[in-house]
>>> print(open('target22.txt').read())   # compact mmCIF, C-alpha atoms
# COMPACT_ATOMS: atom_id res chain seq x y z
CA MET H 1 118.88 94.32 154.83
CA GLY H 2 121.67 96.67 155.76
CA PHE H 3 125.34 96.99 155.06
CA LEU H 4 126.29 94.20 157.50
CA THR H 5 124.16 91.70 155.59
CA PHE H 6 125.83 92.56 152.28
CA ALA H 7 129.26 92.55 153.92
CA ALA H 8 128.69 89.14 155.51
CA ALA H 9 127.45 87.72 152.20
CA GLY H 10 130.44 89.18 150.36
CA PHE H 11 132.92 87.82 152.89
CA GLY H 12 131.33 84.37 152.74
CA LEU H 13 131.42 84.27 148.95
CA ILE H 14 135.05 85.42 148.88
CA LEU H 15 135.91 82.67 151.37
CA MET H 16 134.08 80.08 149.28
CA GLY H 17 135.77 81.19 146.07
CA THR H 18 139.21 81.17 147.66
CA PHE H 19 138.92 77.64 148.98
CA GLU H 20 137.34 76.45 145.73
CA ALA H 21 140.34 77.76 143.79
CA ILE H 22 142.76 76.23 146.31
CA ALA H 23 140.92 72.91 146.18
CA SER H 24 141.22 72.84 142.39
CA THR H 25 145.03 72.98 142.64
CA THR H 26 145.49 70.65 145.63
CA THR H 27 143.18 67.82 144.57
CA THR H 28 145.28 64.80 143.68
CA THR H 29 144.45 61.94 141.36
CA SER H 30 145.66 58.50 142.37
CA SER H 31 146.09 55.82 139.74
CA PRO H 32 144.52 52.40 140.35
CA PRO H 33 146.63 49.30 141.05
CA SER H 34 148.17 47.53 138.09
CA ASN H 35 146.22 44.33 138.79
CA LEU H 36 142.93 46.16 138.08
CA PRO H 37 142.86 46.85 134.34
CA GLN H 38 140.51 49.35 132.69
CA SER H 39 139.76 51.09 135.99
CA LYS H 40 139.37 54.84 136.32
CA PRO H 41 141.70 56.95 138.47
CA GLN H 42 140.39 57.97 141.87
CA THR H 43 140.35 61.61 142.86
CA THR H 44 141.38 62.32 146.44
CA PRO H 45 139.59 65.41 147.83
CA SER H 46 141.61 67.92 149.77
CA ARG H 47 140.84 69.70 153.00
CA SER H 48 140.02 72.87 151.06
CA SER H 49 137.06 71.11 149.43
CA PHE H 50 135.64 70.29 152.86
CA ILE H 51 136.02 73.91 154.01
CA TYR H 52 134.42 75.11 150.75
CA PHE H 53 131.27 73.01 151.18
CA LEU H 54 131.13 73.72 154.92
CA SER H 55 131.29 77.49 154.37
CA ALA H 56 128.70 77.18 151.58
CA SER H 57 126.29 75.36 153.88
CA LEU H 58 126.78 77.91 156.64
CA LEU H 59 126.31 80.85 154.27
CA SER H 60 123.19 79.28 152.77
CA PHE H 61 121.71 78.76 156.21
CA LEU H 62 122.37 82.41 157.10
CA PHE H 63 120.67 83.49 153.86
CA ILE H 64 117.61 81.41 154.74
CA LEU H 65 117.52 82.87 158.24
CA ASN H 66 117.85 86.43 156.94
CA SER H 67 115.11 85.81 154.35
CA LEU H 68 112.72 84.57 157.03
CA ILE H 69 113.39 87.65 159.17
CA SER H 70 112.85 89.93 156.17
CA PHE H 71 109.71 88.00 155.23
CA PHE H 72 108.04 88.57 158.61
CA ASP H 73 109.14 92.21 158.53
CA ALA H 74 107.49 92.60 155.11
CA VAL H 75 104.30 90.95 156.40
CA ASN H 76 104.17 93.34 159.35
CA SER H 77 104.70 96.29 156.96
CA ASN H 78 101.96 95.06 154.55
CA ASP H 79 104.55 94.81 151.79
CA ARG H 80 103.39 92.03 149.47
CA VAL H 81 106.22 92.53 147.00
CA GLY H 82 108.84 92.29 149.72
CA SER H 83 107.31 89.10 151.20
CA ALA H 84 107.16 87.39 147.81
CA GLN H 85 110.72 88.45 147.06
CA GLN H 86 112.05 86.96 150.29
CA LEU H 87 110.38 83.64 149.53
CA GLN H 88 112.34 83.54 146.27
CA VAL H 89 115.59 84.26 148.11
CA ALA H 90 114.82 81.52 150.63
CA ALA H 91 114.19 79.02 147.79
CA ILE H 92 117.52 79.86 146.15
CA ALA H 93 119.36 79.60 149.47
CA ALA H 94 117.71 76.25 150.17
CA LEU H 95 118.91 74.93 146.82
CA PHE H 96 122.46 76.06 147.60
CA LEU H 97 122.15 74.43 151.02
CA LEU H 98 121.21 71.16 149.31
CA TYR H 99 124.19 71.59 147.00
CA SER H 100 126.62 72.09 149.90
CA LEU H 101 125.23 69.17 151.93
CA THR H 102 125.43 66.93 148.87
CA GLY H 103 129.04 68.03 148.42
CA LEU H 104 129.88 67.03 151.99
CA LEU H 105 128.21 63.67 151.35
CA THR H 106 130.25 63.24 148.18
CA LEU H 107 133.50 63.83 150.08
CA ASN H 108 132.65 61.16 152.64
CA ASN H 109 131.25 58.66 150.12
CA SER H 110 133.36 58.13 147.01
CA SER H 111 130.63 56.02 145.37
CA PHE H 112 128.24 58.98 145.31
CA PRO H 113 127.92 60.30 141.70
CA SER H 114 129.58 63.66 141.26
CA SER H 115 127.36 64.44 138.27
CA LEU H 116 124.37 64.76 140.63
CA LEU H 117 126.29 67.32 142.70
CA ASN H 118 127.13 69.37 139.60
CA LEU H 119 123.52 69.16 138.41
CA ILE H 120 122.22 70.57 141.71
CA GLY H 121 124.81 73.35 141.58
CA LEU H 122 123.82 74.14 137.99
CA PHE H 123 120.14 74.49 138.98
CA ALA H 124 121.12 76.73 141.90
CA PHE H 125 123.18 79.11 139.75
CA VAL H 126 120.48 79.20 137.05
CA GLU H 127 117.86 80.13 139.65
CA GLU H 128 120.12 82.82 141.09
CA PHE H 129 120.80 84.20 137.61
CA MET H 130 117.09 84.35 136.74
CA TYR H 131 116.26 86.01 140.07
CA PHE H 132 118.60 88.96 139.54
CA TYR H 133 117.85 89.12 135.81
CA LEU H 134 114.09 89.45 136.34
CA ARG H 135 114.26 91.61 139.45
CA ARG H 136 112.68 94.90 138.30
CA LYS H 137 110.66 96.33 141.17
CA ASP H 138 111.52 99.88 140.10
CA THR H 139 112.81 100.41 136.58
CA VAL H 140 114.48 103.73 137.47
CA GLY H 141 116.27 102.46 140.58
CA ILE H 142 120.05 102.57 140.61
CA GLU H 143 120.16 99.18 142.35
CA ASN H 144 119.11 97.58 139.05
CA ARG H 145 122.45 98.60 137.55
CA TYR H 146 124.28 96.82 140.36
CA PHE H 147 122.13 93.73 139.84
CA ASP H 148 122.93 93.78 136.12
CA MET H 149 126.64 93.82 136.88
CA LEU H 150 126.14 90.96 139.34
CA LEU H 151 124.93 88.77 136.49
CA VAL H 152 128.49 88.58 135.10
CA PRO H 153 130.11 86.60 137.98
CA ILE H 154 126.95 84.49 138.36
CA PHE H 155 127.14 83.54 134.68
CA VAL H 156 130.83 82.67 135.09
CA CYS H 157 129.95 80.27 137.93
CA LEU H 158 127.06 78.86 135.89
CA PHE H 159 129.24 78.26 132.84
CA ALA H 160 132.00 76.62 134.92
CA THR H 161 129.48 74.28 136.56
CA LEU H 162 127.97 73.41 133.19
CA LEU H 163 131.44 72.70 131.79
CA GLN H 164 132.25 70.46 134.73
CA LEU H 165 128.94 68.61 134.34
CA ARG H 166 129.50 68.07 130.63
CA ASN H 167 133.08 66.88 130.85
CA ASN H 168 132.56 64.91 134.08
CA SER H 169 136.32 64.72 134.58
CA SER H 170 138.93 65.65 137.15
CA SER H 171 140.01 68.81 135.30
CA VAL H 172 140.89 71.71 137.57
CA ILE H 173 139.82 74.40 135.11
CA PRO H 174 136.05 74.46 135.94
CA ASN H 175 136.68 74.58 139.69
CA LEU H 176 139.26 77.32 139.28
CA VAL H 177 136.97 79.42 137.08
CA ARG H 178 134.08 78.97 139.50
CA GLY H 179 136.30 80.02 142.38
CA VAL H 180 137.27 83.22 140.56
CA GLY H 181 133.59 83.89 139.81
CA LEU H 182 132.63 83.44 143.46
CA VAL H 183 135.37 85.83 144.58
CA LEU H 184 134.20 88.47 142.09
CA GLN H 185 130.61 87.95 143.22
CA GLY H 186 131.63 88.43 146.86
CA LEU H 187 133.55 91.61 146.06
CA TRP H 188 130.55 93.00 144.21
CA PHE H 189 128.19 92.18 147.10
CA PHE H 190 130.49 94.14 149.38
CA GLN H 191 130.53 97.02 146.90
CA MET H 192 126.72 97.03 146.72
CA GLY H 193 126.54 97.32 150.48
CA LEU H 194 128.87 100.30 150.39
CA SER H 195 127.09 102.03 147.49
CA ILE H 196 123.55 101.54 148.78
CA TYR H 197 123.69 101.74 152.58
CA THR H 198 126.64 104.06 153.33
CA ARG H 199 127.83 107.55 152.47
CA TRP H 200 129.56 106.12 149.41
CA MET H 201 126.26 106.42 147.57
CA ALA H 202 126.33 108.58 144.46
CA ASP H 203 125.53 112.27 144.98
CA GLY H 204 121.95 113.25 144.26
CA CYS H 205 120.53 109.79 145.13
CA VAL H 206 118.68 108.60 148.23
CA LEU H 207 117.65 105.21 149.62
CA LYS H 208 113.94 104.44 150.10
CA GLU H 209 112.85 101.31 151.96
CA LYS H 210 109.36 99.81 152.12
CA SER H 211 110.49 96.91 154.27
CA ARG H 212 113.71 95.25 155.36
CA GLY H 213 114.27 93.54 152.02
CA ASN H 214 112.33 95.79 149.63
CA TYR H 215 114.29 98.95 148.81
CA THR H 216 115.17 101.23 145.92
CA VAL H 217 117.64 104.03 145.24
CA LYS H 218 116.09 107.14 143.63
CA CYS H 219 117.94 110.05 142.04
CA LYS H 220 116.81 113.65 141.62
CA GLY H 221 116.95 113.83 137.83
CA HIS H 222 118.37 112.33 134.66
CA PRO H 223 121.91 113.77 135.09
CA GLU H 224 122.21 112.23 138.58
CA TYR H 225 120.69 109.00 137.32
CA HIS H 226 123.13 108.59 134.43
CA ARG H 227 126.02 109.64 136.64
CA ALA H 228 125.15 106.99 139.24
CA ARG H 229 124.89 104.32 136.56
CA ALA H 230 128.27 105.31 135.14
CA ILE H 231 129.81 105.15 138.62
CA ALA H 232 128.40 101.64 139.10
CA THR H 233 129.94 100.52 135.80
CA LEU H 234 133.28 102.07 136.72
CA GLN H 235 133.25 100.35 140.10
CA PHE H 236 132.61 96.97 138.50
CA ASN H 237 135.46 97.51 136.03
CA CYS H 238 137.79 98.28 138.94
CA HIS H 239 136.78 95.06 140.72
CA LEU H 240 137.24 93.11 137.50
CA ALA H 241 140.72 94.58 137.03
CA LEU H 242 141.55 93.67 140.63
CA ILE H 243 140.51 90.07 140.00
CA VAL H 244 142.69 89.90 136.88
CA ILE H 245 145.70 91.24 138.79
CA LEU H 246 145.17 88.76 141.63
CA VAL H 247 144.79 85.81 139.28
CA VAL H 248 147.89 86.70 137.27
CA GLY H 249 149.92 87.31 140.43
CA VAL H 250 148.91 84.08 142.11
CA TYR H 251 149.46 82.14 138.88
CA SER H 252 152.98 83.52 138.50
CA VAL H 253 153.83 82.54 142.08
CA VAL H 254 152.46 79.02 141.59
CA VAL H 255 154.35 78.57 138.32
CA ARG H 256 157.59 79.76 139.94
CA LYS H 257 157.21 77.28 142.79
CA THR H 258 156.15 74.30 140.69
CA GLY H 259 158.50 75.00 137.81
CA GLY H 260 155.74 75.27 135.23
CA GLY H 261 155.06 72.97 132.34
CA GLY H 262 157.14 74.64 129.61
CA GLY H 263 160.80 74.60 128.71
CA GLY H 264 162.03 75.37 132.22
CA GLY H 265 160.68 72.17 133.76
CA ASP H 266 162.01 69.95 136.48
CA PHE H 267 165.40 68.68 135.33
CA SER H 268 165.65 66.28 138.27
CA ARG H 269 163.41 63.83 136.39
CA TYR H 270 166.01 63.43 133.61
CA LYS H 271 168.67 60.75 134.19
CA PRO H 272 172.02 60.39 132.38
CA LEU H 273 172.73 57.43 130.12
CA GLY H 274 173.89 54.36 131.96
CA ALA H 275 177.27 52.75 131.55
CA GLU H 276 175.86 49.91 129.44
CA MET H 277 174.11 52.27 127.04
CA GLN H 278 177.25 54.41 126.74
CA HIS H 279 179.34 51.30 126.04
CA GLN H 280 176.96 50.22 123.27
CA ILE H 281 177.21 53.61 121.65
CA ASP H 282 181.03 53.57 121.79
CA SER H 283 181.23 50.04 120.39
CA GLN H 284 179.32 50.96 117.24
CA GLY H 285 181.23 51.69 114.05
CA GLN H 286 182.39 55.19 113.43
CA PHE H 287 181.27 56.69 110.16
CA THR H 288 183.40 59.23 108.27
CA LEU H 289 182.70 61.19 105.15
CA ASP H 290 185.55 60.71 102.65
CA SER H 291 186.03 62.75 99.52
CA ASP H 292 186.50 61.35 96.02
CA GLU H 293 190.20 62.27 96.01
CA GLU H 294 190.84 60.12 99.08
CA GLU H 295 189.12 57.15 97.40
CA GLU H 296 191.35 57.53 94.28
CA GLU H 297 194.49 57.62 96.43
CA GLU H 298 193.44 54.39 98.14
CA GLU H 299 192.91 52.70 94.76
CA VAL H 300 196.44 53.72 93.61
CA ARG H 301 197.96 52.33 96.79
CA GLU H 302 196.11 49.05 96.29
CA GLU H 303 197.54 48.74 92.76
CA GLY H 304 201.09 48.98 94.14
CA LYS H 305 200.56 46.06 96.48
CA VAL H 306 201.52 42.46 95.80
CA VAL H 307 198.65 40.31 94.57
CA ARG H 308 198.47 36.67 93.66
CA ASN H 309 197.62 35.54 90.16
CA LYS H 310 195.52 32.61 89.23
CA ALA H 311 198.61 30.35 88.72
CA GLY H 312 199.77 30.88 92.26
CA GLY H 313 202.56 33.31 91.43
CA GLU H 314 203.10 36.71 92.89
CA VAL H 315 203.01 39.83 90.80
CA GLU H 316 204.25 43.21 91.97
CA LEU H 317 202.66 46.07 90.10
CA GLY H 318 204.47 49.28 89.61
CA ALA H 319 203.24 52.71 89.07
CA ASN H 320 203.35 52.39 85.20
CA GLY H 321 201.28 49.21 85.23
CA ASN H 322 204.25 46.83 84.27
CA GLY H 323 204.67 44.01 86.67
CA ILE H 324 207.83 42.22 87.83
CA HIS H 325 207.27 38.47 87.95
CA THR H 326 209.01 36.30 90.46
>>> encode(input="target22.txt", output="structure tokens")
Amino acid sequence: MGFLTFAAAGFGLILMGTFEAIASTTTTTSSPPSNLPQSKPQTTPSRSSFIYFLSASLLSFLFILNSLISFFDAVNSNDRVGSAQQLQVAAIAALFLLYSLTGLLTLNNSSFPSSLLNLIGLFAFVEEFMYFYLRRKDTVGIENRYFDMLLVPIFVCLFATLLQLRNNSSSVIPNLVRGVGLVLQGLWFFQMGLSIYTRWMADGCVLKEKSRGNYTVKCKGHPEYHRARAIATLQFNCHLALIVILVVGVYSVVVRKTGGGGGGGDFSRYKPLGAEMQHQIDSQGQFTLDSDEEEEEEEVREEGKVVRNKAGGEVELGANGNGIHT
């Protein structure tokens, strides 16, 4: 297949993952009119979603074309394993092509069920996962280690699609997770091209090809074999760390621009109390906490006042309790 094929596949997957992540943050949800009760909100697709499905359809078509070229090369080389393998790749690429075309149809037709799109994508990722999981042409080939590491981003995309199919909502989390998985898958495709078809291959290993799509990487002995496997694991860990750094960095930038959802939110949405509300608060009674001594002093002052008796006369009470009648 060559380094250019792996590099083109990696670049296409990185492009797809980037626009999928962008589409998950730019998709807006518009609420229905008030005169239509019990109606669901409508999700407005962004331009990034269109570019995502368009790039997916183009990449799937290139995969099908490359598989057909590799298939005829395997037939000319009398390689039955290689020809059968390319038919599997073509089937997977055709399923992804159906997924991308269905996505473009969903963007243009809002009445098209999105659950059908997610179901097709789920079948495509499951088929891709099973292909790389069961691919064991040569059990001692170093390329098997790279295929095992490739199962991680494929499973991430599979799980995100399954989560989106189960929830069937406008949550941005499944799309964002699938975008990150596609970017990691593209980076690993690029790394496989470097480690298999260039001088970046591990020392003591050599590439052997039976046809254009049927190849294996053999090592001289067990030390070289274990060393190459360890290098592949280390490379994948480096790519995984790079993805984590990119996600955290981009998330911090987005939170700084949008203000986040925590305590440091958008204060422009808060309005001061109006004049009427402030007037109502001021007009209410003021409550004070008085001590018992103040209450006793008030009672003494009330006893010294002039009160009227039942007969209509006035009595002035003194401090000793004796009154002066008038």
>>> atom_distance(input="target22.txt", atom1="CA of Pro174 in chain H", atom2="CA of Ala160 in chain H")
4.7 Å
>>> atom_distance(input="target22.txt", atom1="CA of Ile120 in chain H", atom2="CA of Phe96 in chain H")
8.1 Å
>>> closest_residue(input="target22.txt", among="H:Ser55, H:Thr106, H:Asn237, H:Thr161", to="Ala9 in chain H", atoms="all atoms listed in the file")
H:Ser55
>>> atom_distance(input="target22.txt", atom1="CA of Phe155 in chain H", atom2="CA of Val81 in chain H")
25.9 Å
>>> closest_residue(input="target22.txt", among="H:Asn118, H:Ser83, H:Thr18, H:Thr5", to="Leu246 in chain H", atoms="only C-alpha atoms")
H:Thr18
>>> closest_residue(input="target22.txt", among="H:Gln88, H:Ser252, H:Ser48, H:Thr102", to="Glu128 in chain H", atoms="only C-alpha atoms")
H:Gln88
>>> closest_residue(input="target22.txt", among="H:Ala241, H:Leu68, H:Val183, H:Leu58", to="Leu97 in chain H", atoms="only C-alpha atoms")
H:Leu58
>>> closest_residue(input="target22.txt", among="H:Phe189, H:Gly213, H:Val253, H:Glu224", to="Asp79 in chain H", atoms="only C-alpha atoms")
H:Gly213
>>> residues_around(input="target22.txt", residues="Glu143 in chain H", least_positions_apart="5", cutoff="8 Å", atoms="only C-alpha atoms", output="PyMOL selection string")
chain H and resi 196+216-217
>>> residues_around(input="target22.txt", residues="Arg80 in chain H", least_positions_apart="3", cutoff="12 Å", atoms="all atoms listed in the file", output="JSON, numbers by chain")
{"H": [70, 71, 72, 73, 74, 75, 76, 77, 83, 84, 85, 86, 87, 137, 210, 211, 213, 214]}
>>> closest_residue(input="target22.txt", among="H:Leu101, H:Ala91, H:Val247, H:Leu107", to="Ala21 in chain H", atoms="all atoms listed in the file")
H:Val247
>>> residues_around(input="target22.txt", residues="Ala232 in chain H", least_positions_apart="5", cutoff="10 Å", atoms="only C-alpha atoms", output="MDAnalysis selection string")
chainID H and resid 142:143 145:146 149 191:192 195 201:202 226:227 237:238
